[in-house]
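Data file: final_24.txt. Format and content: compact mmCIF, C-alpha atoms and all ligand atoms.
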# COMPACT_ATOMS: atom_id res chain seq x y z
CA MET A 26 115.06 105.08 97.00
CA ILE A 27 114.82 101.56 95.71
CA SER A 28 115.12 100.15 92.20
CA ARG A 29 112.16 99.67 89.90
CA GLU A 30 112.65 95.89 90.25
CA GLU A 31 112.58 96.04 94.06
CA ASN A 32 109.50 98.25 93.98
CA GLN A 33 107.71 95.71 91.81
CA LEU A 34 108.93 92.89 94.02
CA LEU A 35 107.42 94.48 97.15
CA THR A 36 104.13 95.61 95.64
CA GLN A 37 102.91 92.78 93.39
CA THR A 38 100.68 90.42 95.35
CA GLY A 39 98.95 88.13 92.85
CA PRO A 40 99.41 84.33 92.86
CA GLY A 41 102.91 83.34 91.80
CA THR A 42 104.49 86.76 92.40
CA PRO A 43 107.32 86.71 94.98
CA CYS A 44 105.60 89.08 97.43
CA GLY A 45 102.24 87.42 96.79
CA GLU A 46 103.82 84.12 97.78
CA LEU A 47 105.30 85.71 100.91
CA LEU A 48 101.94 87.20 102.00
CA ARG A 49 100.30 83.82 101.39
CA ARG A 50 102.51 82.17 104.06
CA TYR A 51 100.48 83.97 106.76
CA TRP A 52 96.85 83.99 107.83
CA GLN A 53 95.16 87.07 106.40
CA PRO A 54 91.84 88.76 107.21
CA ALA A 55 89.30 88.13 104.45
CA ALA A 56 86.26 89.80 106.05
CA LEU A 57 84.72 91.00 109.29
CA SER A 58 82.37 88.60 111.05
CA GLU A 59 79.68 91.27 110.89
CA GLU A 60 79.76 91.11 107.09
CA ILE A 61 78.40 87.57 106.95
CA LYS A 62 75.36 87.73 109.15
CA PRO A 63 73.43 84.55 109.93
CA ASP A 64 71.00 84.16 107.01
CA GLY A 65 72.68 87.13 105.31
CA ALA A 66 74.14 87.17 101.82
CA PRO A 67 77.43 85.51 100.87
CA LEU A 68 80.20 88.05 100.47
CA ALA A 69 82.27 88.51 97.32
CA VAL A 70 85.87 89.13 98.38
CA THR A 71 88.95 89.75 96.26
CA LEU A 72 92.09 88.95 98.20
CA MET A 73 95.52 89.39 96.63
CA ASN A 74 93.97 89.25 93.15
CA GLU A 75 92.03 86.05 93.89
CA GLU A 76 88.23 86.09 93.69
CA LEU A 77 86.65 84.36 96.66
CA VAL A 78 83.28 83.96 98.32
CA VAL A 79 83.02 84.13 102.11
CA PHE A 80 79.82 82.77 103.64
CA ARG A 81 78.24 81.41 106.80
CA ASP A 82 76.22 78.20 106.61
CA GLN A 83 73.02 77.51 108.55
CA GLN A 84 75.07 76.07 111.41
CA GLY A 85 76.95 79.37 111.68
CA ARG A 86 80.21 78.00 110.27
CA ALA A 87 82.23 80.36 108.08
CA GLY A 88 83.73 79.15 104.81
CA VAL A 89 86.01 80.59 102.13
CA LEU A 90 85.68 79.15 98.60
CA ASP A 91 86.94 80.12 95.18
CA ALA A 92 84.26 82.45 93.82
CA HIS A 93 83.83 80.55 90.56
CA CYS A 94 81.71 77.43 90.65
CA CYS A 95 83.73 74.37 89.66
CA HIS A 96 80.94 73.32 87.28
CA ARG A 97 81.01 76.13 84.73
CA GLY A 98 82.31 79.12 86.58
CA ALA A 99 79.25 81.04 87.83
CA ASP A 100 79.90 83.48 90.68
CA LEU A 101 78.94 81.75 93.92
CA SER A 102 78.49 85.03 95.81
CA TYR A 103 75.03 85.17 94.17
CA GLY A 104 74.28 81.70 95.56
CA ARG A 105 71.49 80.52 97.85
CA LEU A 106 72.30 79.74 101.47
CA GLU A 107 70.29 76.61 102.20
CA ASP A 108 70.37 72.90 102.92
CA GLY A 109 73.62 73.03 104.88
CA GLY A 110 75.69 74.94 102.37
CA LEU A 111 75.94 77.39 99.48
CA ARG A 112 73.99 76.54 96.33
CA CYS A 113 75.04 77.89 92.93
CA ILE A 114 72.14 79.62 91.21
CA TYR A 115 73.17 78.37 87.74
CA HIS A 116 72.50 74.61 88.07
CA GLY A 117 71.98 74.21 91.80
CA TRP A 118 75.17 72.47 92.87
CA LEU A 119 75.42 72.62 96.66
CA TYR A 120 78.75 73.12 98.48
CA ASP A 121 79.64 72.89 102.16
CA VAL A 122 82.14 75.23 103.88
CA ASN A 123 84.99 72.92 102.88
CA GLY A 124 84.03 72.85 99.20
CA ASN A 125 82.58 69.33 99.26
CA ILE A 126 79.84 68.89 96.67
CA LEU A 127 76.76 67.86 98.63
CA GLU A 128 74.34 67.82 95.69
CA GLN A 129 74.28 67.97 91.90
CA PRO A 130 70.51 68.05 91.48
CA GLY A 131 70.52 68.33 87.67
CA GLU A 132 72.41 65.04 87.26
CA PRO A 133 71.00 61.51 87.19
CA ASN A 134 71.38 59.92 90.64
CA GLY A 135 72.30 63.30 92.13
CA GLY A 136 75.75 63.18 90.47
CA ALA A 137 77.48 59.82 90.93
CA PHE A 138 80.95 61.35 90.51
CA ARG A 139 80.51 64.42 92.70
CA HIS A 140 82.80 62.96 95.40
CA THR A 141 85.76 62.73 93.03
CA TYR A 142 86.39 66.49 92.91
CA SER A 143 85.43 69.56 94.89
CA GLN A 144 85.15 73.32 94.85
CA PRO A 145 88.55 74.90 95.70
CA SER A 146 88.36 76.02 99.33
CA TYR A 147 90.71 77.68 101.79
CA PRO A 148 91.33 77.11 105.51
CA CYS A 149 89.30 79.56 107.49
CA ARG A 150 89.19 80.59 111.18
CA GLU A 151 86.76 83.01 112.72
CA ILE A 152 88.40 84.76 115.64
CA GLY A 153 87.98 88.12 117.34
CA GLY A 154 85.32 89.35 114.93
CA VAL A 155 87.49 88.61 111.89
CA ILE A 156 87.39 85.83 109.28
CA LEU A 157 90.98 84.76 108.67
CA THR A 158 92.00 82.64 105.73
CA TYR A 159 95.17 80.99 104.50
CA LEU A 160 95.82 81.07 100.75
CA GLY A 161 99.26 79.50 100.88
CA PRO A 162 100.52 76.01 100.11
CA GLY A 163 100.89 73.07 102.48
CA GLU A 164 99.92 72.85 106.13
CA PRO A 165 98.72 76.23 107.38
CA PRO A 166 100.75 77.66 110.24
CA LEU A 167 99.20 78.22 113.67
CA VAL A 168 96.90 81.20 113.97
CA PRO A 169 99.01 83.58 116.09
CA ASN A 170 97.62 84.05 119.59
CA TYR A 171 97.70 87.81 119.42
CA GLU A 172 96.37 89.54 122.52
CA PHE A 173 93.76 91.35 120.45
CA PHE A 174 92.21 88.04 119.45
CA GLN A 175 92.21 86.73 123.03
CA VAL A 176 90.42 89.47 124.99
CA PRO A 177 86.65 89.24 125.62
CA GLU A 178 84.53 90.41 122.72
CA ASP A 179 83.40 93.62 124.42
CA HIS A 180 87.04 94.65 124.98
CA ARG A 181 87.60 94.85 121.23
CA PHE A 182 86.31 96.84 118.27
CA VAL A 183 86.91 95.86 114.65
CA SER A 184 86.27 97.66 111.40
CA LYS A 185 87.76 98.03 107.95
CA ILE A 186 88.38 100.84 105.46
CA PHE A 187 88.82 100.74 101.69
CA HIS A 188 91.89 102.39 100.16
CA GLN A 189 92.48 102.99 96.47
CA CYS A 190 96.22 102.22 96.40
CA ASN A 191 98.77 99.49 96.95
CA TYR A 192 98.89 97.94 100.44
CA LEU A 193 102.56 98.85 101.02
CA GLN A 194 101.89 102.60 101.06
CA SER A 195 99.52 102.18 104.00
CA ASN A 196 101.90 99.90 105.79
CA GLU A 197 104.79 102.30 105.40
CA GLY A 198 102.61 105.19 106.58
CA ASN A 199 101.87 103.35 109.78
CA ILE A 200 105.50 102.75 110.68
CA ASP A 201 106.45 106.36 110.10
CA PRO A 202 106.20 108.17 113.48
CA VAL A 203 107.18 111.63 112.22
CA HIS A 204 103.97 112.25 110.30
CA LEU A 205 102.05 112.33 113.61
CA SER A 206 103.61 115.74 114.25
CA PHE A 207 102.40 117.08 110.90
CA LEU A 208 99.62 115.29 109.04
CA HIS A 209 97.67 114.38 112.19
CA ARG A 210 98.35 117.46 114.31
CA ASN A 211 95.30 119.31 115.52
CA LEU A 212 95.66 123.05 115.95
CA GLU A 213 92.75 123.20 118.39
CA LEU A 214 91.82 121.11 121.39
CA THR A 215 89.30 118.50 120.22
CA GLU A 216 86.81 116.69 122.43
CA LEU A 217 88.93 113.57 122.13
CA ASP A 218 92.09 115.43 123.12
CA LYS A 219 90.35 116.87 126.18
CA ASN A 220 89.74 113.38 127.48
CA ARG A 221 93.05 111.76 126.65
CA ARG A 222 96.17 111.89 128.78
CA VAL A 223 99.50 110.29 128.07
CA ASN A 224 100.64 108.04 130.88
CA GLY A 225 102.76 110.13 133.30
CA SER A 226 101.54 113.47 131.97
CA GLU A 227 98.66 115.93 131.89
CA SER A 228 98.90 116.36 128.12
CA SER A 229 97.14 114.60 125.26
CA PRO A 230 99.22 112.70 122.69
CA ASN A 231 98.32 115.32 120.11
CA ALA A 232 99.68 118.14 122.27
CA LEU A 233 102.95 116.26 122.70
CA PHE A 234 103.30 115.47 118.99
CA GLY A 235 103.53 119.22 118.43
CA THR A 236 106.23 119.87 121.02
CA ASP A 237 109.09 118.14 119.19
CA LEU A 238 108.77 117.87 115.43
CA ALA A 239 111.99 115.94 114.89
CA PRO A 240 111.85 112.95 117.24
CA ARG A 241 114.71 110.50 117.68
CA ILE A 242 113.84 107.17 116.11
CA GLU A 243 115.47 103.82 116.71
CA VAL A 244 114.54 100.43 115.35
CA GLU A 245 115.13 96.91 116.58
CA VAL A 246 114.55 93.77 114.52
CA THR A 247 112.58 91.20 116.52
CA ASP A 248 111.13 87.73 115.98
CA PHE A 249 107.86 89.29 114.75
CA GLY A 250 109.19 92.17 112.65
CA VAL A 251 110.46 95.58 113.70
CA ARG A 252 110.02 97.44 116.98
CA ILE A 253 110.12 101.20 116.56
CA PHE A 254 111.14 103.58 119.38
CA THR A 255 110.22 107.23 119.01
CA VAL A 256 111.45 109.77 121.54
CA ARG A 257 110.32 113.40 121.66
CA ASP A 258 111.88 115.93 124.01
CA ILE A 259 109.25 117.84 125.95
CA GLU A 260 109.33 120.42 128.74
CA ASN A 261 110.75 119.99 132.25
CA ASP A 262 113.53 117.65 131.22
CA LYS A 263 111.13 114.98 130.17
CA ILE A 264 110.62 112.82 127.11
CA TYR A 265 107.51 111.49 125.45
CA PHE A 266 108.31 108.08 124.07
CA ARG A 267 106.28 105.62 122.08
CA THR A 268 106.88 102.17 120.76
CA SER A 269 105.01 100.82 117.78
CA ASN A 270 105.66 97.71 115.71
CA PHE A 271 105.72 96.38 112.20
CA ILE A 272 104.44 92.83 112.30
CA MET A 273 105.43 90.68 109.34
CA PRO A 274 104.30 90.84 106.69
CA ASN A 275 101.56 93.51 106.52
CA PHE A 276 100.35 95.01 109.76
CA THR A 277 101.30 97.47 112.45
CA THR A 278 100.48 97.99 116.11
CA PHE A 279 100.49 101.45 117.68
CA PRO A 280 99.16 103.17 120.82
CA GLY A 281 95.91 104.62 119.40
CA GLN A 282 92.83 105.12 121.56
CA THR A 283 93.58 102.46 124.17
CA ALA A 284 97.25 103.27 124.74
CA ALA A 285 98.64 101.87 128.01
CA GLU A 286 95.84 99.33 128.36
CA GLY A 287 95.91 97.82 124.87
CA TYR A 288 96.68 99.07 121.39
CA SER A 289 95.42 99.52 117.84
CA VAL A 290 96.13 97.38 114.81
CA ASN A 291 96.07 98.42 111.15
CA TRP A 292 96.26 95.34 108.94
CA HIS A 293 96.78 96.18 105.26
CA VAL A 294 95.34 93.43 103.11
CA PRO A 295 95.70 93.67 99.32
CA ILE A 296 92.53 93.42 97.27
CA ASP A 297 94.64 93.72 94.15
CA ASP A 298 97.83 95.69 93.50
CA TYR A 299 95.89 98.97 93.26
CA SER A 300 93.60 98.74 96.27
CA HIS A 301 93.51 97.27 99.75
CA TRP A 302 91.44 96.94 102.89
CA LYS A 303 92.78 98.35 106.12
CA PHE A 304 91.39 96.10 108.85
CA VAL A 305 91.32 98.08 112.08
CA ILE A 306 91.32 96.41 115.49
CA VAL A 307 91.29 98.30 118.79
CA PHE A 308 91.40 96.48 122.11
CA SER A 309 91.79 96.99 125.82
CA ARG A 310 93.15 94.43 128.25
CA LYS A 311 91.28 96.01 131.13
CA ARG A 312 87.82 97.20 130.17
CA SER A 313 84.95 96.88 127.80
CA LEU A 314 85.06 99.57 125.13
CA ASP A 315 82.30 102.11 124.73
CA ARG A 316 80.77 100.70 121.54
CA ALA A 317 78.72 103.82 120.81
CA GLN A 318 81.88 105.91 120.99
CA MET A 319 83.82 103.46 118.81
CA LEU A 320 81.04 103.50 116.23
CA ARG A 321 81.33 107.29 116.08
CA GLY A 322 84.76 106.60 114.58
CA ARG A 323 82.80 105.27 111.60
CA ASP A 324 80.99 108.59 111.13
CA GLU A 325 83.08 109.28 108.05
CA LEU A 326 82.61 105.78 106.66
CA LYS A 327 79.86 104.69 104.29
CA ALA A 328 77.96 101.44 104.80
CA ASN A 329 80.30 99.70 102.34
CA TYR A 330 83.35 100.70 104.45
CA HIS A 331 84.51 103.26 101.89
CA MET A 332 85.34 106.71 103.19
CA ILE A 333 83.12 109.71 102.61
CA ARG A 334 86.25 111.79 102.08
CA ASP A 335 87.98 110.44 98.99
CA LYS A 336 90.11 111.45 96.06
CA ALA A 337 87.06 112.43 93.97
CA ASN A 338 86.06 115.11 96.50
CA ARG A 339 89.67 115.97 97.41
CA TYR A 340 89.07 114.55 100.89
CA LEU A 341 86.84 117.59 101.55
CA GLN A 342 89.94 119.56 102.47
CA ASP A 343 88.95 122.90 104.00
CA ARG A 344 91.84 125.26 103.49
CA ALA A 345 90.46 127.88 105.88
CA SER A 346 90.58 125.30 108.66
CA MET A 347 94.33 124.87 108.12
CA GLN A 348 94.86 128.13 110.02
CA SER A 349 93.28 127.11 113.28
CA LYS A 350 91.79 123.62 113.27
CA SER A 351 94.13 121.05 111.76
CA PHE A 352 97.48 120.98 110.00
CA SER A 353 96.00 119.05 107.07
CA GLY A 354 92.65 120.81 106.70
CA ILE A 355 91.10 117.34 106.53
CA GLY A 356 89.06 117.39 109.71
CA HIS A 357 90.19 115.47 112.77
CA ASN A 358 89.83 111.95 111.44
CA PHE A 359 93.25 110.28 111.19
CA GLN A 360 91.97 107.70 108.71
CA ALA A 361 90.91 110.30 106.15
CA GLN A 362 94.16 112.23 106.62
CA ASP A 363 96.15 109.04 106.06
CA ALA A 364 94.08 108.17 102.98
CA CYS A 365 94.85 111.56 101.40
CA VAL A 366 98.61 111.11 101.62
CA ILE A 367 98.90 107.42 100.83
CA GLU A 368 96.43 107.46 97.95
CA GLY A 369 98.02 110.71 96.82
CA ALA A 370 101.31 108.87 96.23
CA GLY A 371 99.66 107.06 93.30
CA LYS A 372 98.11 103.66 92.86
CA ILE A 373 101.58 102.20 93.30
CA GLN A 374 104.06 104.72 94.62
CA ASP A 375 107.07 105.12 92.34
CA ARG A 376 109.78 104.55 94.95
CA THR A 377 112.56 105.15 92.43
CA LYS A 378 111.80 108.85 92.89
CA GLU A 379 111.72 109.03 96.69
CA HIS A 380 114.44 110.53 98.91
CA LEU A 381 114.54 108.68 102.17
CA VAL A 382 115.94 110.52 105.21
CA SER A 383 117.16 109.48 108.65
CA SER A 384 113.64 109.41 110.12
CA ASP A 385 112.59 106.80 107.54
CA LYS A 386 114.74 104.12 109.15
CA ALA A 387 111.76 101.98 110.19
CA ILE A 388 110.59 101.88 106.59
CA VAL A 389 114.05 100.78 105.45
CA ALA A 390 114.12 98.05 108.11
CA ALA A 391 110.64 96.79 107.16
CA ARG A 392 111.52 96.63 103.45
CA LYS A 393 114.67 94.64 104.27
CA LEU A 394 112.60 92.15 106.25
CA LEU A 395 110.08 91.79 103.44
CA LEU A 396 112.88 91.21 100.91
CA LYS A 397 114.47 88.67 103.27
CA GLY A 398 111.07 86.95 103.60
CA ILE A 399 110.77 86.77 99.82
CA GLU A 400 114.20 85.11 99.67
CA ASP A 401 113.23 82.68 102.43
CA VAL A 402 110.11 81.60 100.56
CA LYS A 403 112.12 81.18 97.34
CA GLY A 404 114.59 79.02 99.29
CA GLY A 405 111.81 76.82 100.68
CA ARG A 406 112.10 78.19 104.24
CA ASP A 407 109.36 79.61 106.47
CA PRO A 408 109.80 83.39 106.68
CA VAL A 409 110.01 85.07 110.08
CA HIS A 410 106.84 85.05 112.23
CA VAL A 411 105.22 82.06 110.53
CA MET A 412 104.08 80.23 113.65
CA ARG A 413 104.61 76.47 113.85
CA ASP A 414 105.69 76.11 117.50
CA SER A 415 102.79 76.30 119.94
CA SER A 416 105.16 76.95 122.86
CA ALA A 417 106.27 80.19 121.17
CA ASN A 418 102.79 81.26 120.15
CA SER A 419 102.25 84.20 122.51
CA PHE A 420 102.90 87.87 121.96
CA ALA A 421 103.17 89.78 125.19
CA HIS A 422 106.36 91.20 123.70
CA ILE A 423 104.50 93.16 121.04
CA ALA A 424 105.05 96.10 123.36
CA VAL A 425 103.08 99.19 122.49
CA ILE A 426 103.91 102.06 124.79
CA SER A 427 103.03 105.71 125.00
CA GLU A 428 104.30 107.54 128.05
CA VAL A 429 106.18 110.46 129.51
CA ALA A 430 109.39 109.75 131.43
CA PRO A 431 112.39 111.68 132.78
CA ARG A 432 114.94 112.55 130.08
CA SER A 433 117.48 110.37 131.87
CA ALA A 434 115.25 107.28 131.63
CA ASP A 435 116.60 104.17 129.94
CA ILE A 436 113.74 103.54 127.53
CA ARG A 437 114.84 100.03 126.61
CA SER A 438 114.70 98.96 130.23
CA ILE A 439 111.22 100.53 130.53
CA VAL A 440 110.14 98.54 127.47
CA ASN A 441 111.63 95.35 128.91
CA GLN A 442 109.86 95.97 132.21
CA ARG A 443 106.52 96.50 130.45
CA ILE A 444 107.02 93.26 128.52
CA ALA A 445 107.86 91.37 131.72
CA ASP A 446 104.76 92.84 133.43
CA GLN A 447 102.65 91.85 130.48
CA ARG A 448 104.07 88.33 130.42
CA SER A 449 103.37 87.79 134.11
CA SER A 450 99.79 89.08 133.84
CA THR A 451 98.99 86.75 130.93
CA ARG A 452 100.49 83.67 132.57
S1 LIG B 1 77.95 76.77 87.13
FE1 LIG B 1 77.45 76.43 89.18
S2 LIG B 1 76.13 74.76 89.16
FE2 LIG B 1 76.64 75.06 87.07
FE FE B 2 98.77 108.16 110.05
In structure tokens, write the structure found in this file.
Amino acid sequence: MISREENQLLTQTGPGTPCGELLRRYWQPAALSEEIKPDGAPLAVTLMNEELVVFRDQQGRAGVLDAHCCHRGADLSYGRLEDGGLRCIYHGWLYDVNGNILEQPGEPNGGAFRHTYSQPSYPCREIGGVILTYLGPGEPPLVPNYEFFQVPEDHRFVSKIFHQCNYLQSNEGNIDPVHLSFLHRNLELTELDKNRRVNGSESSPNALFGTDLAPRIEVEVTDFGVRIFTVRDIENDKIYFRTSNFIMPNFTTFPGQTAAEGYSVNWHVPIDDYSHWKFVIVFSRKRSLDRAQMLRGRDELKANYHMIRDKANRYLQDRASMQSKSFSGIGHNFQAQDACVIEGAGKIQDRTKEHLVSSDKAIVAARKLLLKGIEDVKGGRDPVHVMRDSSANSFAHIAVISEVAPRSADIRSIVNQRIADQRSSTR
């Protein structure tokens, strides 16, 4: 349980709010590359309560501008993409990707003063199928060289999913390993389960989640956030252990579909305080992903990246299926199951009413880090994981592991060995 004040502190993300200022110290996804097709429409994006337009100019460059034209406020997402920039449909002012005013065609001499001001714009980098932007003050930090941004394009799949609740609920759901044994447990063998084996075992992750419902959880604070160790006892004196990570300030990495050869990322980006996008990135270090299969993961997603199962239709829960198909009765799609419980906690969960238990220790650790980050920003310091040093800008140590080992195994030394292996293969 936290106080009402702390709950507000961690969940308010608009400009000038303490957490909003913390989130603005990091690069954040604004859109998927696929959303701004060459010659496609500009995209209206609300990010942490700020209205923006994301667009691609005729040269293919992406830009992020304030949505409201600096002339008299028209919405630039309705603009024309032409003549090297984005043209407002109200009076035809033309902007480049950096907000420079290229033309003011309704003014004598094309606008003699147009170079003395500009459309507010934000630094923007297109990397790994994602448009990142920086809404903070001063010199932007380095874009972190995460592995998932570095692999070849066909080794990665990106998507996003709308959620009608505060970003922190999603984030806390992702760093909670116990719910895998309940919310996400299948009661039948699915096609996916048939084809998935945990490293060192003949069982699927889902089968192992059901073997020990009360795993041991340990956390370790790192230079990127929190590493979470989850250990389940299974048969034959073995353990199933996983590591996942909370990466400051608003994403998580976990084994997912490419466990052992990559990992999955859920990046929870506030739209406003009552809704957020979950940007999903899956990658493999070793192989190109089967794109047709990955796209099947979007079967329950509409074209606008909203889920078919939502609060209005009660996530299409099928209570009969709770006997034999899935614990939740919400099909086999983890995303829909997650949406039901995190949206179900309310638009902003009232954390003054919660009762945290020992298995919530990762959530406690993540909240402490966020509160520390808020204090750092207030004190004029960079919070943890803001990258300024290029020699430290590599992340082989975001270890994401899912494997079966003997009960006597020293899991920390296995993790350290995996990190060392990963470091040497990326050198
Ligand atoms: S409001 Fe955009 S050009 Fe006038
Ligand atoms: Fe989940």
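A distance search around ligand LIG 1 (chain B) (9 Å at most, all atoms listed in the file) returns the following protein and nucleic acid residues: His93, Cys94, Cys95, His96, Arg97, Gly98, Ala99, Asp100, Leu101, Gly104, Arg112, Cys113, Ile114, Tyr115, His116, Gly117, Trp118, Leu119, Gln129 and Gly131 of chain A.
Among the candidates A:Asp401, A:Arg222, A:Arg210, A:Thr215, the residue lying nearest to Asp237 (chain A) is A:Arg210 (atoms considered: only C-alpha atoms).
Taking all atoms listed in the file into account, those protein, DNA and RNA residues with any atom at most 12 Å away from (102.0, 112.6, 133.5) amount to Arg221, Arg222, Val223, Asn224, Gly225, Ser226, Glu227, Ser228, Ser229, Pro230, Leu233, Ile259, Glu260, Asn261, Lys263, Ile264, Tyr265, Ser427, Glu428, Val429, Ala430 and Pro431 of chain A.
For ligand FE 2 (chain B), the protein and nucleic acid residues at most 9 Å away, judged by all atoms listed in the file, amount to A:Ser195, A:Gly198, A:Asn199, A:Ile200, A:Asp201, A:Pro202, A:His204, A:Leu205, A:Leu208, A:His209, A:Phe359, A:Gln360, A:Gln362, A:Asp363, A:Ala364, A:Val366.
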Let me have the centre and edge lengths in Å, one decimal, of the box along x, y and z around every listed atom of region 289-294 of chain A with 5 Å of margin on each side, as lines of an AutoDock Vina configuration file.
center_x = 96.1
center_y = 96.5
center_z = 110.5
size_x = 11.4
size_y = 16.1
size_z = 24.7
For this session: Write out as a ChimeraX atom specification each polymer residue whose atoms come within 12 Å of Glu216 (chain A), counting all atoms listed in the file; drop sequence neighbours fewer than 3 positions from it.
Result: /A:211,213,219-221,229,231,318,357
Closest pair table for region 107-182 of chain A residues within 8 Å of region 43-61 of chain A, only C-alpha atoms, as JSON lines:
{"residue": "A:Glu151", "atom": "CA", "partner": "A:Ser58", "partner_atom": "CA", "distance": 7.3}
{"residue": "A:Gly154", "atom": "CA", "partner": "A:Ser58", "partner_atom": "CA", "distance": 4.9}
{"residue": "A:Val155", "atom": "CA", "partner": "A:Leu57", "partner_atom": "CA", "distance": 4.5}
{"residue": "A:Ile156", "atom": "CA", "partner": "A:Ala56", "partner_atom": "CA", "distance": 5.2}
{"residue": "A:Leu157", "atom": "CA", "partner": "A:Pro54", "partner_atom": "CA", "distance": 4.3}
{"residue": "A:Thr158", "atom": "CA", "partner": "A:Trp52", "partner_atom": "CA", "distance": 5.5}
{"residue": "A:Tyr159", "atom": "CA", "partner": "A:Trp52", "partner_atom": "CA", "distance": 4.8}
{"residue": "A:Leu160", "atom": "CA", "partner": "A:Arg49", "partner_atom": "CA", "distance": 5.3}
{"residue": "A:Gly161", "atom": "CA", "partner": "A:Arg49", "partner_atom": "CA", "distance": 4.5}
{"residue": "A:Pro162", "atom": "CA", "partner": "A:Arg50", "partner_atom": "CA", "distance": 7.6}
{"residue": "A:Pro165", "atom": "CA", "partner": "A:Arg50", "partner_atom": "CA", "distance": 7.8}
{"residue": "A:Pro166", "atom": "CA", "partner": "A:Tyr51", "partner_atom": "CA", "distance": 7.2}
{"residue": "A:Val168", "atom": "CA", "partner": "A:Trp52", "partner_atom": "CA", "distance": 6.7}
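With CA of Thr268 (chain A) on one side and CA of Lys397 (chain A) on the other, the separation reads 23.4 Å.
Interatomic distance, CA of Arg437 (chain A) against CA of Ala239 (chain A): 20.0 Å.
The two atoms in question, CA of Glu128 (chain A) and CA of Ile152 (chain A), are spaced 29.7 Å apart.
Nearest to Asp414 (chain A) of all the residues A:Arg105, A:Gly65, A:Leu341, A:Pro169 is A:Pro169, based on all atoms listed in the file.
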Exercise. For Asn358 (chain A), which residue among A:Arg321, A:His188, A:Arg316, A:Arg86 is the nearest when counting all atoms listed in the file?
Worked result: A:Arg321
Closest atom pairs, residues of region 331-375 of chain A within 12 Å of region 36-41 of chain A, only C-alpha atoms, as a tab-separated table:
residue	atom	partner	partner_atom	distance
A:Lys372	CA	A:Thr36	CA	10.4
A:Ile373	CA	A:Thr36	CA	7.4
A:Gln374	CA	A:Thr36	CA	9.2
A:Asp375	CA	A:Thr36	CA	10.5
For this session: Tell me which protein, DNA and RNA residues are within 9 Å of Leu127 (chain A), counting only C-alpha atoms, leaving out same-chain ones fewer than 5 positions away, and put them as a PyMOL selection string.
Result: chain A and resi 109-110+118-121+139-140
Exercise. Near Thr247 (chain A), within 12 Å and counting only C-alpha atoms, which residues show up once chain neighbours fewer than 4 positions away are dropped, as number ranges by chain?
Worked result: A: 251-253, 270-273, 390-391, 394, 409-410, 420, 422-424
Could the residues in this selection be saved with C-alpha atoms as an mmCIF file, in the frame of the given file?
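The result, stored in again-v8.cif:
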data_model
loop_
_atom_site.group_PDB
_atom_site.id
_atom_site.type_symbol
_atom_site.label_atom_id
_atom_site.label_comp_id
_atom_site.auth_asym_id
_atom_site.auth_seq_id
_atom_site.Cartn_x
_atom_site.Cartn_y
_atom_site.Cartn_z
ATOM 1 C CA VAL A 251 110.460 95.580 113.700
ATOM 2 C CA ARG A 252 110.020 97.440 116.980
ATOM 3 C CA ILE A 253 110.120 101.200 116.560
ATOM 4 C CA ASN A 270 105.660 97.710 115.710
ATOM 5 C CA PHE A 271 105.720 96.380 112.200
ATOM 6 C CA ILE A 272 104.440 92.830 112.300
ATOM 7 C CA MET A 273 105.430 90.680 109.340
ATOM 8 C CA ALA A 390 114.120 98.050 108.110
ATOM 9 C CA ALA A 391 110.640 96.790 107.160
ATOM 10 C CA LEU A 394 112.600 92.150 106.250
ATOM 11 C CA VAL A 409 110.010 85.070 110.080
ATOM 12 C CA HIS A 410 106.840 85.050 112.230
ATOM 13 C CA PHE A 420 102.900 87.870 121.960
ATOM 14 C CA HIS A 422 106.360 91.200 123.700
ATOM 15 C CA ILE A 423 104.500 93.160 121.040
ATOM 16 C CA ALA A 424 105.050 96.100 123.360
#
Problem set entry | Closest of A:Arg181, A:Lys303, A:Arg257, A:Arg267 to Ile439 (chain A) - atom-to-atom distances counting only C-alpha atoms | A:Arg267
